[in-house]
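Q: See model04.pdb below, with PDB, C-alpha atoms and all ligand atoms.
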```
ATOM      1  CA  MET B 241      83.314 161.888  35.654
ATOM      2  CA  PRO B 242      86.746 161.147  37.096
ATOM      3  CA  GLU B 243      88.314 158.070  35.504
ATOM      4  CA  LEU B 244      91.683 156.400  36.032
ATOM      5  CA  PRO B 245      93.897 159.312  34.845
ATOM      6  CA  GLU B 246      92.053 161.869  36.985
ATOM      7  CA  ALA B 247      92.189 159.655  40.107
ATOM      8  CA  GLU B 248      95.869 158.888  39.393
ATOM      9  CA  THR B 249      96.622 162.607  39.065
ATOM     10  CA  MET B 250      94.939 163.388  42.398
ATOM     11  CA  ALA B 251      96.694 160.454  44.112
ATOM     12  CA  ARG B 252     100.138 161.443  42.772
ATOM     13  CA  GLU B 253      99.696 165.102  43.672
ATOM     14  CA  LEU B 254      98.528 164.235  47.197
ATOM     15  CA  GLY B 255     101.209 161.542  47.491
ATOM     16  CA  ALA B 256     103.893 164.143  46.806
ATOM     17  CA  VAL B 257     102.955 166.235  49.847
ATOM     18  CA  LEU B 258     100.852 164.303  52.382
ATOM     19  CA  PRO B 259     102.889 161.276  53.535
ATOM     20  CA  GLY B 260     104.324 161.833  57.019
ATOM     21  CA  ARG B 261     101.835 164.554  57.883
ATOM     22  CA  ARG B 262      99.298 164.319  60.687
ATOM     23  CA  ILE B 263      95.543 164.838  60.641
ATOM     24  CA  ALA B 264      94.802 167.501  63.267
ATOM     25  CA  SER B 265      91.014 167.621  63.158
ATOM     26  CA  VAL B 266      87.890 167.006  61.116
ATOM     27  CA  PRO B 267      86.168 170.412  60.863
ATOM     28  CA  HIS B 268      83.280 169.104  58.775
ATOM     29  CA  VAL B 269      81.826 165.792  57.693
ATOM     30  CA  ARG B 270      78.552 164.991  56.011
ATOM     31  CA  ARG B 271      77.603 161.731  57.698
ATOM     32  CA  ASP B 272      75.686 160.169  54.804
ATOM     33  CA  MET B 273      78.809 160.404  52.620
ATOM     34  CA  VAL B 274      80.818 158.221  55.038
ATOM     35  CA  HIS B 275      80.688 154.421  55.032
ATOM     36  CA  GLY B 276      82.619 151.630  56.672
ATOM     37  CA  ASP B 277      83.593 151.904  60.343
ATOM     38  CA  PRO B 278      80.569 153.496  62.068
ATOM     39  CA  ARG B 279      82.621 155.471  64.619
ATOM     40  CA  PRO B 280      82.682 159.228  63.882
ATOM     41  CA  LEU B 281      85.684 160.340  61.816
ATOM     42  CA  SER B 282      86.156 163.237  64.257
ATOM     43  CA  SER B 283      87.153 160.731  66.961
ATOM     44  CA  LEU B 284      88.814 158.151  64.701
ATOM     45  CA  LEU B 285      91.150 160.296  62.582
ATOM     46  CA  PRO B 286      92.772 163.115  64.598
ATOM     47  CA  GLY B 287      96.353 162.291  65.608
ATOM     48  CA  ARG B 288      96.907 159.735  62.853
ATOM     49  CA  ARG B 289      99.622 160.259  60.277
ATOM     50  CA  ILE B 290      99.214 159.737  56.562
ATOM     51  CA  ARG B 291     101.554 156.948  55.459
ATOM     52  CA  ASP B 292     100.799 156.711  51.772
ATOM     53  CA  VAL B 293      98.439 157.823  49.023
ATOM     54  CA  TYR B 294      97.670 155.622  46.053
ATOM     55  CA  ARG B 295      95.061 154.919  43.390
ATOM     56  CA  ARG B 296      93.119 151.704  42.827
ATOM     57  CA  ALA B 297      90.591 151.673  39.944
ATOM     58  CA  LYS B 298      88.966 155.139  40.002
ATOM     59  CA  ARG B 299      89.491 155.470  43.761
ATOM     60  CA  VAL B 300      92.023 157.453  45.780
ATOM     61  CA  VAL B 301      93.213 155.719  48.950
ATOM     62  CA  LEU B 302      94.911 157.302  51.986
ATOM     63  CA  THR B 303      96.694 154.819  54.250
ATOM     64  CA  LEU B 304      96.886 156.099  57.833
ATOM     65  CA  THR B 305      98.803 154.913  60.880
ATOM     66  CA  GLY B 306      97.017 152.371  63.056
ATOM     67  CA  GLY B 307      95.765 150.305  60.129
ATOM     68  CA  VAL B 308      93.143 152.799  58.943
ATOM     69  CA  GLU B 309      92.425 153.358  55.261
ATOM     70  CA  LEU B 310      90.317 156.136  53.786
ATOM     71  CA  VAL B 311      88.999 155.174  50.356
ATOM     72  CA  PHE B 312      87.594 158.050  48.310
ATOM     73  CA  ARG B 313      85.111 157.106  45.607
ATOM     74  CA  LEU B 314      84.672 160.066  43.330
ATOM     75  CA  GLY B 315      81.400 159.031  41.677
ATOM     76  CA  MET B 316      80.147 161.337  38.925
ATOM     77  CA  SER B 317      81.542 164.652  40.088
ATOM     78  CA  GLY B 318      83.877 164.125  43.067
ATOM     79  CA  ARG B 319      87.258 165.769  43.464
ATOM     80  CA  LEU B 320      89.836 166.346  46.174
ATOM     81  CA  GLU B 321      91.293 169.731  46.961
ATOM     82  CA  LEU B 322      94.314 170.488  49.170
ATOM     83  CA  VAL B 323      94.466 174.158  50.112
ATOM     84  CA  GLU B 324      95.256 176.534  52.952
ATOM     85  CA  PRO B 325      92.413 176.529  55.483
ATOM     86  CA  THR B 326      91.741 180.214  54.759
ATOM     87  CA  VAL B 327      90.765 179.443  51.145
ATOM     88  CA  PRO B 328      86.959 179.879  50.925
ATOM     89  CA  ILE B 329      85.087 176.611  51.340
ATOM     90  CA  PRO B 330      83.349 175.694  48.084
ATOM     91  CA  ARG B 331      79.741 174.510  48.022
ATOM     92  CA  HIS B 332      79.407 170.744  48.244
ATOM     93  CA  ALA B 333      82.536 170.260  50.389
ATOM     94  CA  HIS B 334      81.279 167.198  52.279
ATOM     95  CA  LEU B 335      84.435 166.279  54.174
ATOM     96  CA  ARG B 336      87.255 168.511  55.404
ATOM     97  CA  LEU B 337      90.387 167.178  57.101
ATOM     98  CA  ARG B 338      92.739 169.667  58.739
ATOM     99  CA  ILE B 339      96.358 168.662  58.126
ATOM    100  CA  ALA B 340      98.687 169.732  60.964
ATOM    101  CA  GLY B 341     101.966 171.559  60.568
ATOM    102  CA  PRO B 342     103.449 175.034  60.302
ATOM    103  CA  ASP B 343     101.911 175.239  56.832
ATOM    104  CA  ALA B 344      98.516 173.862  57.841
ATOM    105  CA  GLN B 345      96.330 172.710  54.988
ATOM    106  CA  GLU B 346      92.875 171.321  54.472
ATOM    107  CA  LEU B 347      92.003 168.269  52.397
ATOM    108  CA  ARG B 348      88.473 168.651  51.054
ATOM    109  CA  LEU B 349      86.176 166.207  49.286
ATOM    110  CA  ILE B 350      83.928 168.190  46.956
ATOM    111  CA  ASP B 351      81.113 166.350  45.189
ATOM    112  CA  PRO B 352      78.099 168.301  43.833
ATOM    113  CA  ARG B 353      76.158 165.223  42.700
ATOM    114  CA  ARG B 354      77.053 163.048  45.716
ATOM    115  CA  PHE B 355      77.371 159.707  43.920
ATOM    116  CA  GLY B 356      80.756 159.282  45.595
ATOM    117  CA  GLY B 357      81.756 159.048  49.222
ATOM    118  CA  VAL B 358      84.473 157.993  51.612
ATOM    119  CA  TRP B 359      84.917 154.535  53.082
ATOM    120  CA  CYS B 360      86.751 154.320  56.399
ATOM    121  CA  LEU B 361      88.248 150.834  56.620
ATOM    122  CA  THR B 362      89.665 149.787  59.978
ATOM    123  CA  GLY B 363      89.400 146.017  59.986
ATOM    124  CA  SER B 364      86.488 146.401  62.403
ATOM    125  CA  ARG B 365      83.768 143.815  61.933
ATOM    126  CA  ARG B 366      81.209 146.491  62.618
ATOM    127  CA  HIS B 367      81.432 147.676  59.001
ATOM    128  CA  LYS B 368      77.908 148.561  57.900
ATOM    129  CA  GLY B 369      76.065 149.971  54.943
ATOM    130  CA  LYS B 370      77.232 150.330  51.371
ATOM    131  CA  ARG B 371      80.046 147.982  50.406
ATOM    132  CA  LEU B 372      82.852 149.061  48.122
ATOM    133  CA  GLY B 373      82.088 146.339  45.591
ATOM    134  CA  PRO B 374      84.427 144.245  43.456
ATOM    135  CA  VAL B 375      86.938 145.849  41.108
ATOM    136  CA  GLY B 376      88.538 144.316  38.048
ATOM    137  CA  VAL B 377      92.155 144.198  36.930
ATOM    138  CA  GLU B 378      94.269 147.309  36.389
ATOM    139  CA  PRO B 379      94.744 148.113  32.677
ATOM    140  CA  LEU B 380      98.244 149.532  33.234
ATOM    141  CA  SER B 381      99.538 146.286  34.733
ATOM    142  CA  VAL B 382      97.390 143.454  33.317
ATOM    143  CA  THR B 383      99.339 141.042  31.099
ATOM    144  CA  PRO B 384      98.287 140.661  27.433
ATOM    145  CA  ALA B 385      97.322 137.021  28.067
ATOM    146  CA  VAL B 386      94.994 137.885  30.955
ATOM    147  CA  PHE B 387      93.554 140.802  28.982
ATOM    148  CA  ARG B 388      92.749 138.502  26.031
ATOM    149  CA  ARG B 389      90.910 136.127  28.358
ATOM    150  CA  LEU B 390      88.784 139.010  29.710
ATOM    151  CA  LEU B 391      87.616 139.696  26.156
ATOM    152  CA  ASP B 392      86.113 136.256  25.711
ATOM    153  CA  ARG B 393      82.548 137.528  26.184
ATOM    154  CA  HIS B 394      79.724 138.171  23.734
ATOM    155  CA  ARG B 395      79.272 141.829  24.547
ATOM    156  CA  PRO B 396      80.080 145.014  22.633
ATOM    157  CA  ILE B 397      83.707 145.883  23.351
ATOM    158  CA  LYS B 398      82.751 149.315  24.711
ATOM    159  CA  SER B 399      80.369 147.855  27.291
ATOM    160  CA  LEU B 400      82.966 145.307  28.386
ATOM    161  CA  LEU B 401      85.791 147.855  28.746
ATOM    162  CA  MET B 402      83.585 150.062  30.931
ATOM    163  CA  ASP B 403      82.551 147.205  33.232
ATOM    164  CA  GLN B 404      84.417 148.016  36.467
ATOM    165  CA  THR B 405      84.162 144.441  37.716
ATOM    166  CA  ILE B 406      86.213 143.275  34.686
ATOM    167  CA  LEU B 407      88.650 146.109  33.985
ATOM    168  CA  ALA B 408      89.076 148.912  36.522
ATOM    169  CA  GLY B 409      89.377 152.578  35.694
ATOM    170  CA  LEU B 410      88.043 153.154  32.177
ATOM    171  CA  GLY B 411      84.927 155.304  31.808
ATOM    172  CA  ASN B 412      83.262 156.920  28.824
ATOM    173  CA  ILE B 413      86.109 159.230  27.790
ATOM    174  CA  TYR B 414      89.054 156.840  27.877
ATOM    175  CA  THR B 415      87.093 153.947  26.386
ATOM    176  CA  ASP B 416      86.178 156.023  23.316
ATOM    177  CA  GLU B 417      89.700 157.447  23.033
ATOM    178  CA  SER B 418      91.296 153.985  23.314
ATOM    179  CA  LEU B 419      88.941 152.374  20.776
ATOM    180  CA  HIS B 420      89.769 155.088  18.245
ATOM    181  CA  ALA B 421      93.489 154.649  18.878
ATOM    182  CA  ALA B 422      93.048 150.899  18.300
ATOM    183  CA  GLY B 423      90.854 151.367  15.188
ATOM    184  CA  LEU B 424      87.979 149.337  16.666
ATOM    185  CA  HIS B 425      84.258 150.125  16.375
ATOM    186  CA  PRO B 426      82.623 150.419  19.838
ATOM    187  CA  LEU B 427      79.973 147.799  18.970
ATOM    188  CA  THR B 428      82.478 145.118  17.919
ATOM    189  CA  PRO B 429      81.609 141.936  19.864
ATOM    190  CA  ALA B 430      84.514 141.480  22.284
ATOM    191  CA  ALA B 431      84.869 137.754  21.673
ATOM    192  CA  THR B 432      85.438 138.275  17.919
ATOM    193  CA  LEU B 433      88.677 140.242  18.362
ATOM    194  CA  THR B 434      91.721 138.514  16.921
ATOM    195  CA  ARG B 435      94.824 138.112  19.023
ATOM    196  CA  ASP B 436      96.484 140.991  17.143
ATOM    197  CA  GLU B 437      93.455 143.242  17.642
ATOM    198  CA  ALA B 438      93.327 142.445  21.360
ATOM    199  CA  ASP B 439      97.026 143.200  21.782
ATOM    200  CA  ARG B 440      96.656 146.417  19.779
ATOM    201  CA  LEU B 441      93.704 147.418  21.977
ATOM    202  CA  LEU B 442      95.659 146.893  25.192
ATOM    203  CA  ARG B 443      98.560 148.958  23.821
ATOM    204  CA  ALA B 444      96.088 151.696  22.805
ATOM    205  CA  ILE B 445      94.478 151.719  26.268
ATOM    206  CA  ARG B 446      97.870 152.008  27.948
ATOM    207  CA  SER B 447      99.229 154.741  25.723
ATOM    208  CA  THR B 448      95.955 156.696  26.058
ATOM    209  CA  LEU B 449      95.974 156.424  29.860
ATOM    210  CA  ARG B 450      99.684 157.262  30.161
ATOM    211  CA  ARG B 451      99.361 160.339  27.985
ATOM    212  CA  ALA B 452      96.258 161.448  29.922
ATOM    213  CA  ILE B 453      98.152 161.058  33.215
ATOM    214  CA  ARG B 454     101.046 163.131  31.818
ATOM    215  CA  LEU B 455      98.510 165.848  30.939
ATOM    216  CA  ALA B 456      96.843 165.598  34.402
ATOM    217  CA  GLY B 457      93.515 164.238  33.122
ATOM    218  CA  SER B 458      90.546 165.728  31.256
ATOM    219  CA  THR B 459      88.592 168.677  32.641
ATOM    220  CA  ILE B 460      85.137 168.627  31.031
ATOM    221  CA  SER B 461      83.036 169.886  33.949
ATOM    222  CA  ASP B 462      83.791 169.285  37.646
ATOM    223  CA  TYR B 463      87.231 167.666  37.656
ATOM    224  CA  ARG B 464      90.171 169.751  38.882
ATOM    225  CA  ARG B 465      93.678 168.949  40.081
ATOM    226  CA  ILE B 466      94.185 169.221  43.869
ATOM    227  CA  THR B 467      95.280 172.842  43.476
ATOM    228  CA  GLY B 468      92.091 173.713  41.578
ATOM    229  CA  LYS B 469      93.854 173.896  38.188
ATOM    230  CA  PRO B 470      92.241 172.051  35.258
ATOM    231  CA  GLY B 471      93.783 169.065  33.497
ATOM    232  CA  SER B 472      94.606 169.415  29.798
ATOM    233  CA  PHE B 473      94.022 166.065  28.080
ATOM    234  CA  GLN B 474      90.633 167.348  26.808
ATOM    235  CA  LYS B 475      92.598 169.561  24.396
ATOM    236  CA  VAL B 476      93.932 166.519  22.552
ATOM    237  CA  HIS B 477      90.866 164.246  22.608
ATOM    238  CA  ARG B 478      90.667 162.261  19.374
ATOM    239  CA  VAL B 479      86.914 161.636  19.395
ATOM    240  CA  TYR B 480      85.302 162.291  22.788
ATOM    241  CA  GLY B 481      82.965 165.310  22.585
ATOM    242  CA  ARG B 482      84.029 166.007  18.969
ATOM    243  CA  VAL B 483      80.883 165.041  17.001
ATOM    244  CA  GLY B 484      80.951 166.627  13.511
ATOM    245  CA  LEU B 485      84.594 167.689  13.830
ATOM    246  CA  PRO B 486      87.206 166.102  11.541
ATOM    247  CA  CYS B 487      88.974 162.945  12.713
ATOM    248  CA  ARG B 488      92.526 163.897  13.650
ATOM    249  CA  ARG B 489      93.825 160.910  11.683
ATOM    250  CA  CYS B 490      91.738 160.900   8.460
ATOM    251  CA  GLY B 491      89.530 164.018   8.417
ATOM    252  CA  THR B 492      86.175 162.146   8.374
ATOM    253  CA  PRO B 493      83.572 163.837  10.627
ATOM    254  CA  ILE B 494      83.316 162.154  14.044
ATOM    255  CA  GLU B 495      79.948 160.489  14.704
ATOM    256  CA  ARG B 496      77.969 159.886  17.886
ATOM    257  CA  ILE B 497      75.880 156.847  18.814
ATOM    258  CA  VAL B 498      74.489 155.608  22.141
ATOM    259  CA  VAL B 499      75.959 152.434  23.643
ATOM    260  CA  ILE B 500      74.711 151.135  27.022
ATOM    261  CA  GLY B 501      72.990 154.468  27.498
ATOM    262  CA  ARG B 502      76.175 156.493  27.044
ATOM    263  CA  SER B 503      77.168 158.927  24.309
ATOM    264  CA  THR B 504      79.796 157.209  22.214
ATOM    265  CA  PHE B 505      82.076 159.001  19.768
ATOM    266  CA  PHE B 506      83.949 157.314  16.925
ATOM    267  CA  CYS B 507      85.321 157.808  13.410
ATOM    268  CA  PRO B 508      83.333 155.764  10.852
ATOM    269  CA  SER B 509      86.424 155.457   8.601
ATOM    270  CA  CYS B 510      89.102 154.569  11.162
ATOM    271  CA  GLN B 511      86.668 152.381  13.156
ATOM    272  CA  PRO B 512      84.561 150.486  10.575
ATOM    273  CA  GLU B 513      81.379 148.785  11.736
ATOM    274  CA  PRO B 514      81.877 145.076  12.449
ATOM    275  CA  THR B 515      80.628 142.777   9.699
ATOM    276  CA  PRO B 516      78.063 140.274  11.005
TER     277      PRO B 516
HETATM  278 ZN    ZN L 601      89.374 158.697  11.098
END
```
Just give me the structure of the file as structure tokens.
Ligand SMILES: [Zn+2]
A:
Amino acid sequence: MPELPEAETMARELGAVLPGRRIASVPHVRRDMVHGDPRPLSSLLPGRRIRDVYRRAKRVVLTLTGGVELVFRLGMSGRLELVEPTVPIPRHAHLRLRIAGPDAQELRLIDPRRFGGVWCLTGSRRHKGKRLGPVGVEPLSVTPAVFRRLLDRHRPIKSLLMDQTILAGLGNIYTDESLHAAGLHPLTPAATLTRDEADRLLRAIRSTLRRAIRLAGSTISDYRRITGKPGSFQKVHRVYGRVGLPCRRCGTPIERIVVIGRSTFFCPSCQPEPTP
């Protein structure tokens, strides 16, 4: 599932090439993947230029001329591909935007499991259907004081970090990786963290995310960079997907438990169970 580093990688790679370019046409759109302004994208988008591409939470946002924003939610298996239009269209390409120019390209949203979608925001009051929902603060820019206040809840730290309405962008992989880097057990009640532990956790989250962005994210199953190449952070995972393998810090075999229904990987020596 794409998390913050994967969405950031896609946004940066698209942001390096798309701004200033014009959308020529919309060769294909699967209607039930589009939300927001109810007018068809094939009449709303052609002729508009792409101003900017950025990431917010796990979403990739294209800002277009005329006050239009396209927000891509990548769900469980979504990715964006930017290729020449002659490149064969993969299965599950639910939206294709033809980008004008001498070197014409196609931006494709590919999403086998279809938990994602695209929101077309125009400021129109006619917005219908699924809302985008609230998103929490960004872990790369939140201040330590605000972060400590977010932790003041009686929930396991893993469940809190993955709650998108509190902190935006962390999913299963980067939560487990960050908790190992911080030496905290995933079931530690968030509100019991000391000030030092909370600060250490925020530093661990940031260094984990920054390194993952440098390595273009983790390719476990569906995620690819916009060119189709895989990311490489999965090669240096500390705990995620490594059950039974030695901890990279102390050699103890990594264990797996289930927290809020999700596989959770940790080192029992580096991340001791909280004492009641
Ligand atoms: Zn260890």
Q: Could you tell me which residues the PyMOL selection byres (((chain B and resi 374) around 6) and not hetatm) grabs in this file, written as an MDAnalysis selection string?
A: chainID B and resid 373 375 405
Q: Determine the nearest neighbour of Pro278 of chain B from the options B:Trp359, B:Phe505, B:Tyr414, B:Tyr463, counting all atoms listed in the file.
A: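 Among B:Trp359, B:Phe505, B:Tyr414, B:Tyr463, it is B:Trp359 that comes nearest to Pro278 of chain B.
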Q: Around (84.6, 162.8, 6.9), as given in the file, which residues come within 12 Å? Count all atoms listed in the file and list them as an mmCIF file with C-alpha atoms, in the coordinates of the input.
A:
```
data_model
loop_
_atom_site.group_PDB
_atom_site.id
_atom_site.type_symbol
_atom_site.label_atom_id
_atom_site.label_comp_id
_atom_site.auth_asym_id
_atom_site.auth_seq_id
_atom_site.Cartn_x
_atom_site.Cartn_y
_atom_site.Cartn_z
ATOM 1 C CA VAL B 483 80.883 165.041 17.001
ATOM 2 C CA GLY B 484 80.951 166.627 13.511
ATOM 3 C CA LEU B 485 84.594 167.689 13.830
ATOM 4 C CA PRO B 486 87.206 166.102 11.541
ATOM 5 C CA CYS B 487 88.974 162.945 12.713
ATOM 6 C CA ARG B 488 92.526 163.897 13.650
ATOM 7 C CA ARG B 489 93.825 160.910 11.683
ATOM 8 C CA CYS B 490 91.738 160.900 8.460
ATOM 9 C CA GLY B 491 89.530 164.018 8.417
ATOM 10 C CA THR B 492 86.175 162.146 8.374
ATOM 11 C CA PRO B 493 83.572 163.837 10.627
ATOM 12 C CA ILE B 494 83.316 162.154 14.044
ATOM 13 C CA GLU B 495 79.948 160.489 14.704
ATOM 14 C CA PHE B 506 83.949 157.314 16.925
ATOM 15 C CA CYS B 507 85.321 157.808 13.410
ATOM 16 C CA PRO B 508 83.333 155.764 10.852
ATOM 17 C CA SER B 509 86.424 155.457 8.601
ATOM 18 C CA CYS B 510 89.102 154.569 11.162
#
```
Q: For Ser283 of chain B, list every protein, DNA or RNA residue within 12 Å, evaluated using all atoms listed in the file, and leave out those in the same chain fewer than 6 positions away; present the list as a ChimeraX atom specification.
A: /B:263-267,269,277
Q: Got a sec to check which residues sit within 12 Å of (88.8, 144.5, 39.1), counting only C-alpha atoms, and write them as a list in words?
A: Arg296, Ala297, Lys298, Arg299, Leu372, Gly373, Pro374, Val375, Gly376, Val377, Glu378, Pro379, Ser381, Val382, Phe387, Leu390, Leu401, Met402, Asp403, Gln404, Thr405, Ile406, Leu407, Ala408, Gly409 and Leu410 of chain B
Q: Just how far from atom CA of Arg454 of chain B is atom CA of Arg502 of chain B, in Å to one decimal?
A: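 Distance between the two atoms: 26.2 Å.
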Q: Taking 3 positions as the minimum chain separation for residues in the same chain, which residues sit within 9 Å of Phe473 of chain B when counting all atoms listed in the file? Answer as a ChimeraX atom specification.
A: /B:451-459,476-477
Q: Just so the selection is clear, what residues does the PyMOL selection byres (((chain B and resi 268) around 10) and not hetatm) cover here, as a ChimeraX atom specification?
A: /B:265-267,269-271,281-282,333-338,348
Q: Considering only C-alpha atoms, can you say which of B:Gly481, B:Ser399, B:Ala340, B:Leu285 comes closest to Arg262 of chain B?
A: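 Checking each of B:Gly481, B:Ser399, B:Ala340, B:Leu285 against Arg262 of chain B, counting only C-alpha atoms, the winner is B:Ala340.
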Q: Excluding Thr504 of chain B and residues on its chain fewer than 4 positions from it, collect all residues at most 8 Å away from it, counting all atoms listed in the file, and give them as a ChimeraX atom specification.
A: /B:412,416,426,480,496-499
Q: Identify which of the residues B:Ser418, B:Gln474, B:Thr305, B:Gln511 lies closest to ligand ZN 601 (chain L), counting all atoms listed in the file when measuring atom-to-atom distances.
A: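 So, comparing all the options, the nearest one is B:Gln511.
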Q: List the residues selected by the PyMOL selection byres (((chain B and resi 254) around 10) and not hetatm) in the file shown, writing them as JSON, numbers by chain.
A: {"B": [248, 249, 250, 251, 252, 253, 255, 256, 257, 258, 259, 292, 293, 294, 300, 302, 320, 321, 322, 347, 465, 466, 467]}
Q: Taking only C-alpha atoms into account, name the residue in B:Gly363, B:Gly468, B:Gly306, B:Pro514 that is nearest to Pro330 of chain B.
A: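 Closest candidate: B:Gly468.
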Q: When you draw a straight line from atom CA of Cys360 of chain B to atom CA of Phe312 of chain B, how long is it in Å?
A: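 These two atoms are separated by 8.9 Å.
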Q: Measuring atom to atom with only C-alpha atoms and all ligand atoms, identify which of B:Gly276, B:Pro470, B:Gly423, B:Gly318 is nearest to ligand ZN 601 (chain L).
A: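 Result for the nearest residue to ligand ZN 601 (chain L): B:Gly423.
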Q: For Arg389 of chain B, work out the shell of residues within 10 Å, counting only C-alpha atoms and skipping chain neighbours fewer than 5 positions away, then give it as a list in words.
A: Pro384, Ala431 and Ala438 of chain B
